$ cat entry_13.cif   # mmCIF, C-alpha atoms
data_input
loop_
_atom_site.label_atom_id
_atom_site.label_comp_id
_atom_site.auth_asym_id
_atom_site.auth_seq_id
_atom_site.Cartn_x
_atom_site.Cartn_y
_atom_site.Cartn_z
CA MET A 975 0.00 0.00 0.00
CA ASN A 976 1.30 3.46 -0.90
CA LYS A 977 1.77 5.43 2.31
CA MET A 978 0.74 8.61 0.50
CA ALA A 979 -2.69 7.09 0.01
CA VAL A 980 -3.36 7.27 3.73
CA ASN A 981 -5.66 10.21 4.45
CA LYS A 982 -3.34 12.29 6.64
CA PRO A 983 -2.46 15.98 6.39
CA ILE A 984 0.85 16.78 4.73
CA SER A 985 2.94 19.90 4.28
CA PRO A 986 3.29 20.69 0.55
CA SER A 987 6.74 22.23 0.99
CA VAL A 988 8.05 19.32 3.05
CA ASP A 989 6.51 16.88 0.58
CA ARG A 990 8.25 18.65 -2.29
CA ALA A 991 11.58 18.62 -0.47
CA LEU A 992 11.34 14.90 0.21
CA ARG A 993 10.42 14.21 -3.40
CA VAL A 994 13.51 16.13 -4.49
CA LEU A 995 15.68 13.86 -2.35
CA VAL A 996 14.05 10.71 -3.71
CA VAL A 997 14.53 11.83 -7.32
CA LEU A 998 18.18 12.79 -6.74
CA ALA A 999 18.78 9.42 -5.08
CA ASN A 1000 17.98 7.81 -8.43
CA HIS A 1001 20.26 10.14 -10.43
CA GLY A 1002 23.80 9.72 -9.19
CA ASP A 1003 25.21 12.21 -11.69
CA GLY A 1004 22.92 14.95 -10.41
CA MET A 1005 20.15 17.04 -11.93
CA GLY A 1006 19.63 20.68 -12.79
CA VAL A 1007 16.61 22.77 -11.79
CA SER A 1008 14.86 22.23 -15.13
CA GLU A 1009 15.31 18.46 -14.94
CA LEU A 1010 14.04 18.37 -11.39
CA ALA A 1011 11.03 20.48 -12.30
CA ARG A 1012 10.12 18.11 -15.11
CA ALA A 1013 10.66 15.01 -12.98
CA LEU A 1014 8.44 16.41 -10.23
CA ASN A 1015 5.96 18.02 -12.62
CA VAL A 1016 6.23 21.40 -10.89
CA ALA A 1017 7.22 24.89 -11.97
CA LYS A 1018 10.88 25.85 -11.62
CA SER A 1019 9.91 28.90 -9.60
CA SER A 1020 8.40 26.68 -6.90
CA LEU A 1021 11.65 24.73 -6.50
CA TYR A 1022 14.16 27.48 -5.80
CA VAL A 1023 13.31 28.00 -2.11
CA VAL A 1024 13.13 24.24 -1.51
CA LEU A 1025 16.51 23.64 -3.14
CA SER A 1026 18.10 26.57 -1.32
CA THR A 1027 16.84 25.29 2.05
CA LEU A 1028 18.04 21.74 1.41
CA GLU A 1029 21.41 23.07 0.28
CA GLN A 1030 21.86 25.25 3.37
CA HIS A 1031 21.32 22.21 5.59
CA ASP A 1032 23.71 20.04 3.50
CA PHE A 1033 20.99 17.65 2.34
CA ILE A 1034 21.93 18.48 -1.24
CA VAL A 1035 25.03 19.96 -2.90
CA LYS A 1036 25.14 22.21 -5.97
CA ASP A 1037 28.09 21.91 -8.34
CA PRO A 1038 29.16 25.50 -9.08
CA ALA A 1039 30.39 24.56 -12.56
CA THR A 1040 27.54 22.38 -13.84
CA LYS A 1041 24.74 23.84 -11.65
CA ARG A 1042 23.60 20.30 -11.00
CA TYR A 1043 22.37 19.10 -7.61
CA THR A 1044 23.39 15.86 -5.92
CA LEU A 1045 22.66 14.39 -2.49
CA GLY A 1046 24.60 15.98 0.36
CA PRO A 1047 26.59 14.68 3.37
CA GLN A 1048 23.83 15.28 5.93
CA LEU A 1049 21.92 12.34 4.46
CA LEU A 1050 24.87 10.11 5.26
CA VAL A 1051 24.77 11.29 8.87
CA LEU A 1052 21.06 10.41 9.10
CA GLY A 1053 21.57 7.10 7.35
CA LEU A 1054 24.37 6.08 9.68
CA ALA A 1055 22.25 7.06 12.68
CA TYR A 1056 19.43 4.85 11.39
CA VAL A 1057 21.74 1.90 10.76
CA GLN A 1058 23.34 2.37 14.17
CA ARG A 1059 19.93 2.32 15.87
CA ILE A 1060 19.09 -0.94 14.12
CA ASN A 1061 22.45 -2.43 15.08
CA LEU A 1062 22.07 -1.21 18.66
CA LEU A 1063 18.73 -2.94 19.14
CA LYS A 1064 19.93 -6.10 17.39
CA GLU A 1065 23.00 -6.35 19.63
CA PHE A 1066 20.93 -5.63 22.75
CA GLN A 1067 18.55 -8.43 21.85
CA ALA A 1068 21.52 -10.76 21.44
CA LEU A 1069 23.13 -9.89 24.79
CA ALA A 1070 20.27 -9.04 27.16
CA PRO A 1071 18.72 -12.52 27.56
CA GLU A 1072 21.87 -13.95 29.15
CA VAL A 1073 22.20 -10.98 31.51
CA ALA A 1074 18.53 -11.29 32.51
CA ARG A 1075 18.95 -15.02 33.15
CA GLU A 1076 22.11 -14.55 35.20
CA CYS A 1077 20.73 -11.87 37.50
CA GLY A 1078 17.04 -12.81 37.24
CA GLU A 1079 16.00 -9.18 36.71
CA THR A 1080 14.55 -7.08 33.89
CA VAL A 1081 17.07 -5.49 31.50
CA GLN A 1082 16.13 -2.40 29.47
CA LEU A 1083 17.52 -0.23 26.69
CA ALA A 1084 16.63 3.44 26.18
CA ILE A 1085 17.62 6.57 24.29
CA LEU A 1086 17.31 10.24 25.19
CA ARG A 1087 14.29 12.04 23.73
CA GLY A 1088 14.42 15.66 24.82
CA ARG A 1089 14.19 15.59 28.62
CA ASN A 1090 12.71 12.08 28.62
CA VAL A 1091 14.03 8.59 28.12
CA LEU A 1092 12.36 6.50 25.42
CA TYR A 1093 12.39 2.75 26.07
CA ILE A 1094 13.33 0.87 22.90
CA GLY A 1095 14.28 -2.58 24.21
CA LYS A 1096 13.38 -4.87 27.11
CA GLN A 1097 14.27 -8.35 28.30
CA GLU A 1098 12.17 -9.77 31.12
CA GLY A 1099 13.89 -11.33 34.12
CA THR A 1100 13.13 -14.73 35.59
CA GLN A 1101 11.93 -13.53 39.00
CA PRO A 1102 8.18 -13.76 39.69
CA VAL A 1103 7.87 -10.00 40.39
CA ARG A 1104 8.88 -8.07 37.29
CA LEU A 1105 8.97 -4.51 36.04
CA ALA A 1106 5.72 -3.38 34.42
CA SER A 1107 7.17 -1.15 31.70
CA GLU A 1108 6.59 -1.08 27.95
CA VAL A 1109 8.80 -0.51 24.94
CA GLY A 1110 7.78 2.84 23.46
CA SER A 1111 6.97 4.42 26.84
CA GLU A 1112 8.75 7.50 28.19
CA LEU A 1113 9.79 8.73 31.64
CA PRO A 1114 11.55 11.89 32.84
CA ALA A 1115 15.28 11.39 32.38
CA HIS A 1116 16.25 12.99 35.69
CA THR A 1117 14.33 10.37 37.70
CA THR A 1118 15.74 7.23 36.07
CA ALA A 1119 19.09 5.44 36.04
CA LEU A 1120 18.82 5.22 32.26
CA GLY A 1121 18.18 8.93 31.99
CA LYS A 1122 21.02 9.92 34.31
CA SER A 1123 23.38 7.71 32.29
CA LEU A 1124 22.31 9.50 29.11
CA LEU A 1125 22.37 13.00 30.60
CA ALA A 1126 25.87 12.39 31.95
CA GLY A 1127 27.06 12.32 28.35
CA LEU A 1128 26.05 15.98 27.92
CA THR A 1129 28.16 18.98 28.87
CA GLU A 1130 27.12 21.29 31.69
CA GLU A 1131 26.19 23.93 29.11
CA GLU A 1132 23.97 21.44 27.30
CA ILE A 1133 22.28 20.52 30.58
CA ASP A 1134 21.64 24.21 31.32
CA LYS A 1135 20.09 24.69 27.89
CA LEU A 1136 18.00 21.53 28.11
CA TYR A 1137 16.52 22.45 31.49
CA GLU A 1138 16.40 26.23 31.15
CA GLY A 1139 13.20 27.48 32.80
CA VAL A 1140 12.03 23.91 33.49
CA VAL A 1141 10.60 22.77 36.82
CA LEU A 1142 11.78 19.20 37.41
CA GLU A 1143 8.93 16.80 38.00
CA LYS A 1144 8.96 14.92 41.30
CA ARG A 1145 7.71 11.40 40.68
CA THR A 1146 8.39 10.44 44.30
CA ALA A 1147 9.70 12.15 47.42
CA ARG A 1148 13.21 11.00 46.40
CA SER A 1149 13.17 12.58 42.91
CA ILE A 1150 15.70 15.30 42.14
CA ASP A 1151 13.82 18.59 41.86
CA ASN A 1152 16.46 21.13 40.80
CA VAL A 1153 19.15 21.40 38.14
CA GLU A 1154 22.06 22.00 40.52
CA ASP A 1155 21.39 18.74 42.37
CA LEU A 1156 21.00 17.02 39.01
CA LYS A 1157 24.41 18.29 37.89
CA ARG A 1158 26.01 16.96 41.07
CA GLU A 1159 24.36 13.60 40.49
CA LEU A 1160 25.60 13.51 36.89
CA ALA A 1161 29.15 14.30 38.01
CA ASP A 1162 28.94 11.25 40.29
CA VAL A 1163 27.67 9.15 37.39
CA ARG A 1164 30.64 10.21 35.27
CA HIS A 1165 33.00 9.35 38.11
CA LYS A 1166 31.52 5.88 38.83
CA GLY A 1167 30.53 4.93 35.28
CA TYR A 1168 27.00 4.01 36.27
CA ALA A 1169 23.81 5.61 37.62
CA VAL A 1170 21.28 4.56 40.23
CA ASP A 1171 17.56 5.24 40.64
CA ARG A 1172 16.83 4.75 44.33
CA GLY A 1173 13.07 4.98 44.28
CA GLU A 1174 13.00 8.23 42.28
CA THR A 1175 10.57 6.93 39.66
CA LEU A 1176 8.56 4.49 41.78
CA ASP A 1177 8.89 4.14 45.55
CA ASP A 1178 9.36 0.37 45.47
CA LEU A 1179 11.71 0.20 42.45
CA ARG A 1180 15.50 0.39 42.21
CA CYS A 1181 17.46 0.58 38.94
CA VAL A 1182 21.13 0.60 37.98
CA GLY A 1183 22.09 1.95 34.54
CA ALA A 1184 25.16 2.61 32.39
CA PRO A 1185 25.82 4.52 29.14
CA VAL A 1186 26.39 3.03 25.70
CA TYR A 1187 28.79 4.74 23.27
CA ASP A 1188 29.08 4.82 19.50
CA ALA A 1189 32.29 4.62 17.49
CA GLN A 1190 32.81 8.39 17.85
CA GLY A 1191 32.59 8.25 21.65
CA ASN A 1192 29.10 9.77 21.89
CA VAL A 1193 26.60 8.45 24.44
CA VAL A 1194 23.83 7.12 22.19
CA ALA A 1195 21.86 4.92 24.58
CA ALA A 1196 21.82 3.42 28.06
CA VAL A 1197 21.04 0.04 29.58
CA SER A 1198 19.63 -0.72 32.99
CA ILE A 1199 18.75 -3.53 35.36
CA SER A 1200 15.60 -2.96 37.42
CA VAL A 1201 14.94 -4.54 40.81
CA PRO A 1202 12.06 -4.36 43.31
CA LEU A 1203 13.03 -2.77 46.62
CA THR A 1204 12.65 -6.12 48.40
CA ARG A 1205 15.51 -7.61 46.36
CA MET A 1206 17.95 -4.70 46.64
CA ASP A 1207 20.64 -3.91 49.17
CA GLU A 1208 24.11 -2.36 48.94
CA ALA A 1209 25.83 -5.61 47.95
CA ARG A 1210 23.19 -6.31 45.29
CA GLU A 1211 23.56 -2.78 43.92
CA GLN A 1212 27.30 -3.25 43.48
CA GLU A 1213 26.78 -6.62 41.81
CA LEU A 1214 24.23 -5.23 39.37
CA ALA A 1215 26.41 -2.17 38.70
CA GLN A 1216 29.19 -4.49 37.53
CA ARG A 1217 26.79 -6.46 35.36
CA VAL A 1218 25.17 -3.43 33.73
CA ARG A 1219 28.54 -1.77 33.09
CA ALA A 1220 29.80 -4.96 31.45
CA LEU A 1221 26.69 -5.08 29.25
CA ALA A 1222 27.06 -1.41 28.30
CA GLN A 1223 30.75 -1.87 27.50
CA GLU A 1224 30.07 -4.87 25.29
CA LEU A 1225 27.29 -3.04 23.44
CA SER A 1226 29.62 -0.07 22.97
CA ARG A 1227 32.37 -2.33 21.67
CA ARG A 1228 29.99 -3.86 19.15
CA LEU A 1229 29.09 -0.36 17.97
CA GLY A 1230 32.77 0.35 17.32
CA TYR A 1231 33.70 2.17 20.52
CA ALA A 1232 37.25 1.62 21.78
CA GLY A 1233 37.42 4.12 24.67
CA GLY A 1234 37.02 3.77 28.40
CA GLY A 1235 33.79 5.57 29.32
CA ILE A 1236 32.53 8.94 30.47
CA SER A 1237 35.27 11.22 31.73
CA PRO A 1238 34.78 12.93 35.09
#
$ encode --input "entry_13.cif" --output "structure tokens"
Amino acid sequence: MNKMAVNKPISPSVDRALRVLVVLANHGDGMGVSELARALNVAKSSLYVVLSTLEQHDFIVKDPATKRYTLGPQLLVLGLAYVQRINLLKEFQALAPEVARECGETVQLAILRGRNVLYIGKQEGTQPVRLASEVGSELPAHTTALGKSLLAGLTEEEIDKLYEGVVLEKRTARSIDNVEDLKRELADVRHKGYAVDRGETLDDLRCVGAPVYDAQGNVVAAVSISVPLTRMDEAREQELAQRVRALAQELSRRLGYAGGGISP
């Protein structure tokens, strides 16, 4: 079924820009404005702003000699990000079952989505009481071990910008409720290499998380192990911290990362 046949509102200018990219993808030697206009069955005058915008954002490149347009480097960046996301989930699904069996607890994978974490992978544990979370759900990053692991990959300036004018939501009495305390917590995460949620999302839940890096050393995801309060003490926290860091390091290695982790 053609997705365009679905009765949903579309932006004509965005639609035209995407059609330009699709046409250029099928013409490796590039196309001029007149050729593009004919291929898209639109007037040349309606293409100039679209082409200029795409060019300014490096989605297309104009050859100054031939005046022909070809696909630009920004598409490679997006394509690599998409492939990496697929690889990330595939590798998580290969590694997480063994970790969940060994520790008996639920293992999760998430990415940062604004000020929230978005859960993209989950492996249930073997214990009778398990975490009732869903892939596709979101939670405030500052209340979760996953979120703290992800936020620790940002600079202090990026944290300030992300939370400028924002009142931090308190999910429980233990939730961090101000940016300065959050920064101190993130500094501790960078120092230890892992993060802990001690009842900051749910009163009776504890989580330990660690960051996952890509080949360029960027924090692109985080993994966590979640445990009911009744099964958590200091010794258990340290055990799970080692397990989740080992999982994060192996995922990072499989994504091409060769470094040692977040720097303090």
$ residues_around --input "entry_13.cif" --residues "Glu1076 (chain A)" --least-positions-apart "4" --cutoff "12 Å" --atoms "all atoms listed in the file" --output "list in words"
Leu1069, Ala1070, Pro1071, Glu1072, Thr1080, Val1081, Glu1098, Gly1099, Thr1100, Gln1101, Ile1199, Glu1213, Leu1214, Arg1217 and Val1218 of chain A
$ closest_residue --input "entry_13.cif" --among "A:Ala1220, A:Ala1055, A:Leu1179, A:Ala1119" --to "Arg1205 (chain A)" --atoms "only C-alpha atoms"
A:Leu1179
$ resolve_selection --input "entry_13.cif" --expression "the PyMOL selection byres ((chain A and resi 1040-1053) around 12)" --output "count of residues only"
40
$ residues_around --input "entry_13.cif" --residues "region 1173-1177 of chain A" --least-positions-apart "4" --cutoff "7 Å" --atoms "all atoms listed in the file" --output "PyMOL selection string"
chain A and resi 1117-1118+1145-1146+1148-1149
$ closest_residue --input "entry_13.cif" --among "A:Glu1154, A:Arg990, A:Arg1075, A:Ala1189" --to "Ala1017 (chain A)" --atoms "only C-alpha atoms"
A:Arg990
$ atom_distance --input "entry_13.cif" --atom1 "CA of Ala1068 (chain A)" --atom2 "CA of Asp1207 (chain A)"
28.6 Å
$ residues_around --input "entry_13.cif" --residues "Ser1123 (chain A)" --least-positions-apart "2" --cutoff "9 Å" --atoms "only C-alpha atoms" --output "count of residues only"
23
$ resolve_selection --input "entry_13.cif" --expression "the PyMOL selection byres ((chain A and resi 1210) around 12)" --output "list of chain:residue names"
A:Cys1077, A:Glu1079, A:Arg1180, A:Cys1181, A:Val1182, A:Ile1199, A:Ser1200, A:Val1201, A:Pro1202, A:Leu1203, A:Thr1204, A:Arg1205, A:Met1206, A:Asp1207, A:Glu1208, A:Ala1209, A:Glu1211, A:Gln1212, A:Glu1213, A:Leu1214, A:Ala1215, A:Gln1216, A:Arg1217
$ atom_distance --input "entry_13.cif" --atom1 "CA of Arg1228 (chain A)" --atom2 "CA of Leu1092 (chain A)"
21.4 Å
$ atom_distance --input "entry_13.cif" --atom1 "CA of Ile1133 (chain A)" --atom2 "CA of His1116 (chain A)"
10.9 Å
$ axis_aligned_box --input "entry_13.cif" --around "region 1214-1221 of chain A" --padding-each-side "4 Å" --output "lines of an AutoDock Vina configuration file"
center_x = 27.0
center_y = -4.1
center_z = 34.3
size_x = 13.6
size_y = 12.7
size_z = 18.1
$ residues_around --input "entry_13.cif" --residues "Val1153 (chain A)" --least-positions-apart "6" --cutoff "12 Å" --atoms "only C-alpha atoms" --output "list of chain:residue names"
A:His1116, A:Leu1125, A:Glu1130, A:Glu1131, A:Glu1132, A:Ile1133, A:Asp1134, A:Lys1135, A:Leu1136, A:Tyr1137, A:Glu1138, A:Gly1139, A:Val1140, A:Val1141, A:Leu1142, A:Glu1143, A:Glu1159, A:Leu1160
$ closest_residue --input "entry_13.cif" --among "A:Arg1219, A:Ile1150, A:Asn1192, A:Gly1088" --to "Arg1172 (chain A)" --atoms "all atoms listed in the file"
A:Ile1150
$ resolve_selection --input "entry_13.cif" --expression "the PyMOL selection byres ((chain A and resi 1232) around 10)" --output "PyMOL selection string"
chain A and resi 1187-1191+1223+1226-1231+1233-1235
